[in-house]
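Below is one structure, written out as structure tokens; the observations come after it.
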Amino acid sequence: MGFTYDTIQRKIEQLCEYMDDSILVSLLLLRQLSQDGSFPLYQVNSDAEKTGYHLWKIVLTNPEGDYILSIKRALTIVERSFPFVHKLIVQLERQTVEDSDLRQLIYLLSDIPANDLSSAAIFEKHMQRKGSAYCITSFGDLYTPQGITQCLAGFLNPEQGTVYDPCPGSGALLLAAQRCGKQRLKLYGQATDEDSYLLWQINLILHGTYVDLGKTVAPTLLDDQHRDRKFDYIIANPPFNRANWFNSNRPFPDGRWRWGIPPESNANYAWLQHILSHLQPNGRAVVIMPNGTLTTQIHREADIRRAIIQNKLIETIIALPPGLFYSTKIPCCVWILANSDNKSGEILFVDAAHMKPEIKKDFTRVHIMKLMELVSKHRQRKLHTCTEWYGVATLEKIEQNGFILSPNLYTAVLRPGVTEIQKEHGKLLDVIDKLSVSHIDGTLLPYIVQWKNAKTAKCWQKATLFEIYDVFGGVTKNKSSFGKGVPALDVKTVISSAYIPDSFSSNVDVKEDEKRKYGIKYGDVFLNRTSETIKELACCCVAPGDRDAVFGGFIKRLRPKDRQTIDPLYAAGYFRSEIYRWEVEDVSMVYTTYASIDNRKLSKITVYYPDMETQKKIGSTLFEVYQFPKRCSDKSQGKLLQEFGRLLIQQYITYPILQEPLCDPCN
């Protein structure tokens with residue numbers, strides 16, 4: 001028959017829309033075991049061959065007069081070799097379904113020639129499309145895009161021997177490793193609950209593969225079913241950030257925790273140590289982890305990471321682009337671990353988000369080949385260049401960065417240089433000309449045209465942010481305190497506004513002493529200390545005057561120590577310059593769940609400033625430009641002014657600072 005998998009899948013989805021998953025799963029299992037030679041591979045009694053051929057016949061002929069009963073009868077035969085099938089039988093006992101729909105489904109599967117049927121493919125696609133909580137929690141690795149699965153198996157590059165997955169879900173990663181292996185591999189895993197064990201076994205049977213799952217179903221970290229084994233290869237996608245993974249009130253002696261027991265609140269480093277403890281000498285492991293493992297400063301986790309690095313067990317770290325996984329939005333990375341005595345300690349860092357062509361929903365063959373080639377060259381120690389998307393770092397370099405594994409610390413940062421920025425000066429002149437003939441507000445025009453032939457400041461000074469400002473955190477209150485009381489500056493306003501507005505959209509109930517403590521004065525600079533992206537981290541908003549308001553807990557206040565050093569209106573421009581953004585990027589770890597900045601990082605940021613006359617000239621112009629939308633709604637003029645402001649900051653702040661014309665403040 002002229003069936004295609006897409007046609008089959010559409011028909012199956014239509015018929016199964018109101019059926020329990022156990023029905024299709026049971027049918028696919030029986031159809032697979034009825035194929036020539038399949039069931040005898042697993043059954044050990046003398047009737048294996050005869051039984052296998054008759055399984056599907058029992059379903060098709062429906063001797064019970066009820067398809068559900070016939071399916072259960074066939075499964076009862078299978079149960080002799082596969083005890084886990086009992087759970088399917090129990091689930092079927094609770095099912096009621098239209099006989100006509102079930103008959104159509106059975107005949108659909110029956111009419112397809114066995115050599116054209118991919119029960120495994122139908123099973124996986126159905127479970128993915130189903131999208132139920134059952135599928136996500138128990139069968140999560142089916143939600144790992146196929147390209148990533150292939151890539152992980154390629155990094156493993158198994159030749160012969162044993163492969164282990166401590167938390168295999170459906171077994172997709174082990175199956176990918178088997179396909180990638182040069183010889184038949186011995187597969188091992190551990191099912192942590194009955195649901196995953198059932199799905200695990202069914203998927204493996206549909207693929208004609210056997211895996212040693214240990215003696216019983218048990219949590220891997222608490223009851224290791226393969227505690228005495230070492231493996232040549234390990235591939236894993238453990239559950240992220242698992243809390244309460246052990247009871248701290250009970251003794252927990254275990255040889256796996258070589259560098260300390262990870263915190264009870266997070267099992268990430270328990271998984272990493274478990275995997276390393278099972279790795280053979282010269283073995284290799286590929287593990288998907290949340291990005292927080294690269295940067296965590298929690299004492300015990302940071303100590304374990306440092307020990308793993310110092311023992312030269314990390315080969316490669318790959319930060320994946322966001323949004324690739326169906327089952328989680330948590331940013332992910334790949335750890336490639338190697339238990340070799342010949343390691344130099346150098347680590348390859350890859351920022352896959354900057355690969356060309358861009359990775360969108362999944363890795364393409366081009367991406368896989370580029371990454372495979374890159375990792376292969378690193379293993380041969382042939383990588384000596386540093387680009388925007390990859391770089392190799394020595395142990396000494398990593399130690400200088402506090403043993404943090406965030407790839408942005410070790411890859412090249414491509415930023416425009418002096419020459420590229422200088423070329424944009426013509427754009428500024430063009431914008432000034434357009435504004436001059438656009439009948440713009442007469443009070444604003446003089447501020448703009450004065451830059452037509454203006455020269456850049458030749459002498460600049462610099463100081464750390466902490467030398468110029470006193471830094472103070474905002475007011476923290478519970479939810480019930482908001483919506484009433486004193487106006488409050490919020491993060492959204494800080495990110496979107498160069499200058500603090502006259503009115504606020506938020507309010508908070510504070511006492512009189514809190515109002516004074518968290519007040520807003522002329523010249524104060526406010527920045528957001530956390531953000532979902534690095535681009536919106538530590539944005540600044542300046543107070544052009546005193547405000548009867550306070551600022552929130554996700555904001556830091558920078559209050560000038562000396563108002564004669566930095567003009568507040570100039571500060572608004574400086575903190576929106578490329579120079580400042582680069583400073584923020586240089587001190588921040590990009591690859592975390594949320595980008596954040598604290599006082600330690602802020603203390604490393606430098607502020608550059610020219611003479612006060614130049615500061616006031618830049619600041620007053622920008623202030624008038626940013627106030628324009630309050631007076632006029634002309635969108636075309638608004639766009640021109642927005643571009644003028646950007647180019648003014650670039651040409652009269654960023655450009656001269658890049659030339660480094662620093663002055664000696666003592667002369």
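Following the order of the structure tokens, chains are lettered A, B, ..., residues in each are numbered from 1, and ligands are numbered from 1.
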**OP:** Please provide the set of residues having any atom within 6 Å of range 518-520 of chain A, restricted to only C-alpha atoms, with same-chain residues fewer than 3 positions apart removed, written as JSON, numbers by chain.
**Re:** {"A": [514, 515, 546, 547, 549, 550]}
**OP:** Skip range 231-246 of chain A itself and residues of its chain fewer than 3 positions away, then list as a PyMOL selection string all residues within 8 Å of it, counting only C-alpha atoms.
**Re:** chain A and resi 141+152-153+156+158+161-168+173-174+221-222+264-268+271+275+278-290
Original post:
Could you write out, as a VMD selection string, all the residues of range 278-520 of chain A that DSSP marks as alpha helix (DSSP H)?
Top reply: chain A and resid 292 to 295 299 to 310 365 to 379 395 to 400 418 to 422 425 to 436 445 to 449 465 to 468 491 to 496 512 to 517
Original post:
Do you know which residues are at most 7 Å from range 557-573 of chain A counting only C-alpha atoms, after dropping those on the same chain fewer than 6 positions away, and could you put them as a ChimeraX atom specification?
Top reply: /A:468-473,498-499,523-527,541-542,544,615-616,618-620,622-623,649
Find the residues near Gly645 in chain A: any atom within 9 Å, counting only C-alpha atoms, skip ones fewer than 5 places away on the same chain, and give them as an mmCIF file with C-alpha atoms, in the first residue's frame.
```cif
data_model
loop_
_atom_site.group_PDB
_atom_site.id
_atom_site.type_symbol
_atom_site.label_atom_id
_atom_site.label_comp_id
_atom_site.auth_asym_id
_atom_site.auth_seq_id
_atom_site.Cartn_x
_atom_site.Cartn_y
_atom_site.Cartn_z
ATOM 1 C CA GLY A 573 24.377 59.514 28.233
ATOM 2 C CA THR A 621 21.674 68.237 24.657
ATOM 3 C CA LEU A 622 20.667 64.673 25.505
ATOM 4 C CA VAL A 625 16.392 65.350 23.083
ATOM 5 C CA TYR A 626 14.919 62.821 25.529
ATOM 6 C CA LEU A 640 15.498 61.149 13.794
ATOM 7 C CA GLN A 650 28.811 57.129 20.054
#
```
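Nearest to Leu206 in chain A of all the residues A:Phe349, A:Phe123, A:Phe252, A:Phe82 is A:Phe123, based on only C-alpha atoms.
Considering the residues A:Asn247, A:Ser340, A:Ser603, A:Ser70 and counting only C-alpha atoms, Leu30 in chain A has its shortest atom-to-atom contact with A:Ser70.
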Original post:
Which neighbours of Phe155 in chain A fall inside 12 Å, counting only C-alpha atoms, when residues of the same chain fewer than 3 positions from it are skipped, and could you give them as an MDAnalysis selection string?
Top reply: chainID A and resid 148:152 158:159 173 176:177 180:181 233:235 284:287 315:318 334:338 368:376 378:379
Residues of the last selection are to be written out with N, CA, C and O atoms, as a compact mmCIF listing (two decimals), in the first residue's frame.
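Saved result, again-v3.txt, follows:
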```txt
# COMPACT_ATOMS: atom_id res chain seq x y z
N ILE A 148 20.14 17.45 18.41
CA ILE A 148 20.97 17.51 19.62
C ILE A 148 21.33 16.09 20.07
O ILE A 148 22.47 15.82 20.46
N THR A 149 20.36 15.18 20.00
CA THR A 149 20.63 13.79 20.37
C THR A 149 21.74 13.20 19.51
O THR A 149 22.67 12.56 20.01
N GLN A 150 21.67 13.45 18.21
CA GLN A 150 22.72 12.96 17.30
C GLN A 150 24.06 13.60 17.62
O GLN A 150 25.11 12.94 17.58
N CYS A 151 24.02 14.87 17.96
CA CYS A 151 25.26 15.59 18.27
C CYS A 151 25.91 15.03 19.54
O CYS A 151 27.13 14.81 19.58
N LEU A 152 25.12 14.77 20.57
CA LEU A 152 25.65 14.22 21.81
C LEU A 152 26.30 12.86 21.58
O LEU A 152 27.38 12.56 22.09
N PRO A 158 31.47 6.49 20.41
CA PRO A 158 31.83 5.20 20.98
C PRO A 158 32.36 4.23 19.93
O PRO A 158 31.83 4.16 18.81
N GLU A 159 33.40 3.51 20.26
CA GLU A 159 33.98 2.54 19.34
C GLU A 159 33.57 1.12 19.71
O GLU A 159 33.04 0.38 18.90
N LEU A 173 18.89 8.51 24.18
CA LEU A 173 20.32 8.82 24.09
C LEU A 173 21.14 7.54 23.94
O LEU A 173 22.12 7.51 23.17
N ALA A 176 20.81 6.36 20.42
CA ALA A 176 21.62 7.17 19.52
C ALA A 176 23.09 6.76 19.60
O ALA A 176 23.79 6.70 18.59
N ALA A 177 23.56 6.49 20.83
CA ALA A 177 24.94 6.04 21.00
C ALA A 177 25.16 4.70 20.29
O ALA A 177 26.20 4.48 19.66
N CYS A 180 25.53 5.18 16.69
CA CYS A 180 26.79 5.87 16.36
C CYS A 180 28.00 4.96 16.55
O CYS A 180 29.08 5.23 16.01
N GLY A 181 27.84 3.87 17.31
CA GLY A 181 28.96 2.99 17.63
C GLY A 181 29.48 2.24 16.42
O GLY A 181 28.72 1.84 15.54
N TYR A 233 31.80 4.59 28.25
CA TYR A 233 31.12 5.81 27.79
C TYR A 233 29.87 6.04 28.65
O TYR A 233 29.18 5.09 29.04
N ILE A 234 29.59 7.30 28.91
CA ILE A 234 28.37 7.67 29.64
C ILE A 234 27.71 8.83 28.91
O ILE A 234 28.39 9.78 28.50
N ILE A 235 26.41 8.74 28.75
CA ILE A 235 25.65 9.80 28.09
C ILE A 235 24.40 10.06 28.93
O ILE A 235 23.73 9.10 29.35
N ARG A 284 34.87 8.39 28.49
CA ARG A 284 34.36 9.71 28.10
C ARG A 284 32.89 9.80 28.45
O ARG A 284 32.15 8.82 28.33
N ALA A 285 32.46 10.99 28.87
CA ALA A 285 31.04 11.21 29.20
C ALA A 285 30.55 12.50 28.55
O ALA A 285 31.31 13.47 28.41
N VAL A 286 29.28 12.49 28.14
CA VAL A 286 28.62 13.68 27.59
C VAL A 286 27.35 13.90 28.39
O VAL A 286 26.49 13.01 28.46
N VAL A 287 27.23 15.07 29.01
CA VAL A 287 26.13 15.32 29.94
C VAL A 287 25.49 16.67 29.65
O VAL A 287 26.20 17.67 29.47
N GLU A 315 36.73 18.23 29.17
CA GLU A 315 37.31 18.39 27.84
C GLU A 315 36.72 19.60 27.11
O GLU A 315 37.42 20.41 26.53
N THR A 316 35.39 19.71 27.17
CA THR A 316 34.70 20.76 26.42
C THR A 316 33.44 21.20 27.17
O THR A 316 32.77 20.39 27.80
N ILE A 317 33.15 22.50 27.08
CA ILE A 317 31.88 23.06 27.57
C ILE A 317 31.20 23.73 26.38
O ILE A 317 31.79 24.58 25.71
N ILE A 318 29.95 23.37 26.13
CA ILE A 318 29.20 23.95 25.01
C ILE A 318 27.92 24.59 25.55
O ILE A 318 27.05 23.89 26.10
N VAL A 334 26.33 21.63 27.49
CA VAL A 334 26.85 20.27 27.39
C VAL A 334 28.23 20.22 28.03
O VAL A 334 29.10 21.03 27.69
N TRP A 335 28.41 19.29 28.97
CA TRP A 335 29.71 19.00 29.55
C TRP A 335 30.26 17.76 28.87
O TRP A 335 29.62 16.70 28.89
N ILE A 336 31.44 17.85 28.27
CA ILE A 336 32.12 16.67 27.75
C ILE A 336 33.28 16.38 28.71
O ILE A 336 34.19 17.19 28.87
N LEU A 337 33.20 15.23 29.37
CA LEU A 337 34.16 14.85 30.40
C LEU A 337 35.06 13.74 29.87
O LEU A 337 34.61 12.86 29.13
N ALA A 338 36.33 13.77 30.24
CA ALA A 338 37.29 12.76 29.78
C ALA A 338 38.18 12.35 30.94
O ALA A 338 38.84 13.20 31.55
N ILE A 368 26.00 20.07 13.19
CA ILE A 368 26.59 18.87 13.81
C ILE A 368 28.00 18.64 13.30
O ILE A 368 28.92 18.38 14.08
N MET A 369 28.19 18.76 11.99
CA MET A 369 29.52 18.52 11.41
C MET A 369 30.54 19.55 11.90
O MET A 369 31.69 19.22 12.19
N LYS A 370 30.10 20.83 12.00
CA LYS A 370 31.03 21.87 12.48
C LYS A 370 31.44 21.62 13.92
O LYS A 370 32.62 21.76 14.28
N LEU A 371 30.48 21.25 14.76
CA LEU A 371 30.79 21.00 16.16
C LEU A 371 31.66 19.75 16.32
O LEU A 371 32.60 19.73 17.11
N MET A 372 31.34 18.71 15.55
CA MET A 372 32.13 17.48 15.61
C MET A 372 33.57 17.74 15.20
O MET A 372 34.52 17.26 15.83
N GLU A 373 33.74 18.51 14.14
CA GLU A 373 35.09 18.83 13.66
C GLU A 373 35.85 19.64 14.70
O GLU A 373 37.04 19.42 14.94
N LEU A 374 35.16 20.58 15.33
CA LEU A 374 35.79 21.43 16.34
C LEU A 374 36.28 20.60 17.53
O LEU A 374 37.42 20.74 17.98
N VAL A 375 35.39 19.74 18.04
CA VAL A 375 35.75 18.90 19.19
C VAL A 375 36.88 17.95 18.82
O VAL A 375 37.81 17.71 19.62
N SER A 376 36.85 17.41 17.60
CA SER A 376 37.91 16.50 17.15
C SER A 376 39.26 17.20 17.10
O SER A 376 40.28 16.66 17.54
N HIS A 378 40.16 19.77 18.85
CA HIS A 378 40.59 20.03 20.22
C HIS A 378 41.21 18.78 20.84
O HIS A 378 42.23 18.87 21.54
N ARG A 379 40.63 17.63 20.56
CA ARG A 379 41.19 16.38 21.09
C ARG A 379 42.58 16.11 20.53
O ARG A 379 43.41 15.50 21.19
```
Subject >> Nearest candidate to Ala218 in chain A (options A:Leu198, A:Ala191, A:Ile12, A:Leu27; using only C-alpha atoms) >> reply: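 Among the listed residues, the smallest separation from Ala218 in chain A belongs to A:Ala191.
Compared by their closest atoms to Glu396 in chain A, and using only C-alpha atoms, the residues A:Ile309, A:Cys332, A:Ala270, A:Ala457 rank with A:Ile309 nearest.
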Give me, as JSON lines, the closest atom pair and its distance (Å, one decimal) for every residue of range 280-336 of chain A within a cut-off of 9 Å of range 401-422 of chain A, counting only C-alpha atoms, rows sorted by chain and rising number.
```
{"residue": "A:Asn291", "atom": "CA", "partner": "A:Ser406", "partner_atom": "CA", "distance": 8.3}
{"residue": "A:Thr293", "atom": "CA", "partner": "A:Leu405", "partner_atom": "CA", "distance": 8.4}
{"residue": "A:Leu294", "atom": "CA", "partner": "A:Leu405", "partner_atom": "CA", "distance": 4.8}
{"residue": "A:Thr295", "atom": "CA", "partner": "A:Ile404", "partner_atom": "CA", "distance": 5.3}
{"residue": "A:Thr296", "atom": "CA", "partner": "A:Ile404", "partner_atom": "CA", "distance": 8.1}
{"residue": "A:Gln297", "atom": "CA", "partner": "A:Ile404", "partner_atom": "CA", "distance": 8.9}
{"residue": "A:Ala302", "atom": "CA", "partner": "A:Phe403", "partner_atom": "CA", "distance": 8.0}
{"residue": "A:Arg305", "atom": "CA", "partner": "A:Phe403", "partner_atom": "CA", "distance": 7.4}
{"residue": "A:Arg306", "atom": "CA", "partner": "A:Phe403", "partner_atom": "CA", "distance": 5.8}
{"residue": "A:Ile309", "atom": "CA", "partner": "A:Phe403", "partner_atom": "CA", "distance": 7.5}
{"residue": "A:Ile317", "atom": "CA", "partner": "A:Pro407", "partner_atom": "CA", "distance": 7.5}
{"residue": "A:Ile318", "atom": "CA", "partner": "A:Pro407", "partner_atom": "CA", "distance": 7.7}
{"residue": "A:Ala319", "atom": "CA", "partner": "A:Pro407", "partner_atom": "CA", "distance": 7.0}
```
Export C-alpha atoms of the chosen residues as a PDB file, in the first residue's frame?
```pdb
ATOM      1  CA  ASN A 291      23.800  26.715  32.714  1.00  0.00           C
ATOM      2  CA  THR A 293      26.339  24.680  36.879  1.00  0.00           C
ATOM      3  CA  LEU A 294      28.857  26.789  34.959  1.00  0.00           C
ATOM      4  CA  THR A 295      28.685  29.765  37.284  1.00  0.00           C
ATOM      5  CA  THR A 296      27.156  28.767  40.634  1.00  0.00           C
ATOM      6  CA  GLN A 297      28.838  30.396  43.621  1.00  0.00           C
ATOM      7  CA  ALA A 302      31.790  25.860  43.480  1.00  0.00           C
ATOM      8  CA  ARG A 305      33.506  22.447  40.127  1.00  0.00           C
ATOM      9  CA  ARG A 306      36.975  23.680  41.039  1.00  0.00           C
ATOM     10  CA  ILE A 309      38.624  21.410  36.722  1.00  0.00           C
ATOM     11  CA  ILE A 317      31.884  23.055  27.567  1.00  0.00           C
ATOM     12  CA  ILE A 318      29.195  23.954  25.013  1.00  0.00           C
ATOM     13  CA  ALA A 319      26.560  26.584  25.801  1.00  0.00           C
TER      14      ALA A 319
END
```
Subject >> Distance of CA of Glu358 in chain A from CA of Leu320 in chain A, expressed in Å to one decimal place >> reply: 11.6 Å
**OP:** Tell me which protein, DNA and RNA residues are within 10 Å of Glu583 in chain A, counting only C-alpha atoms, leaving out same-chain ones fewer than 3 positions away, and put them as an MDAnalysis selection string.
**Re:** chainID A and resid 578:580 586:588 601:602 604:607
Subject >> Residue with smallest distance to Gln450 in chain A - pool A:Ser344, A:Ser436, A:Ser531, A:Thr464, counting only C-alpha atoms >> reply: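 Looking only at the distances to Gln450 in chain A, the closest residue turns out to be A:Ser436.
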Original post:
Could you work out how far CA of Arg600 in chain A lies from CA of Ile308 in chain A, giving the answer in Å with one decimal?
Top reply: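 That distance, rounded to one decimal, is 25.1 Å.
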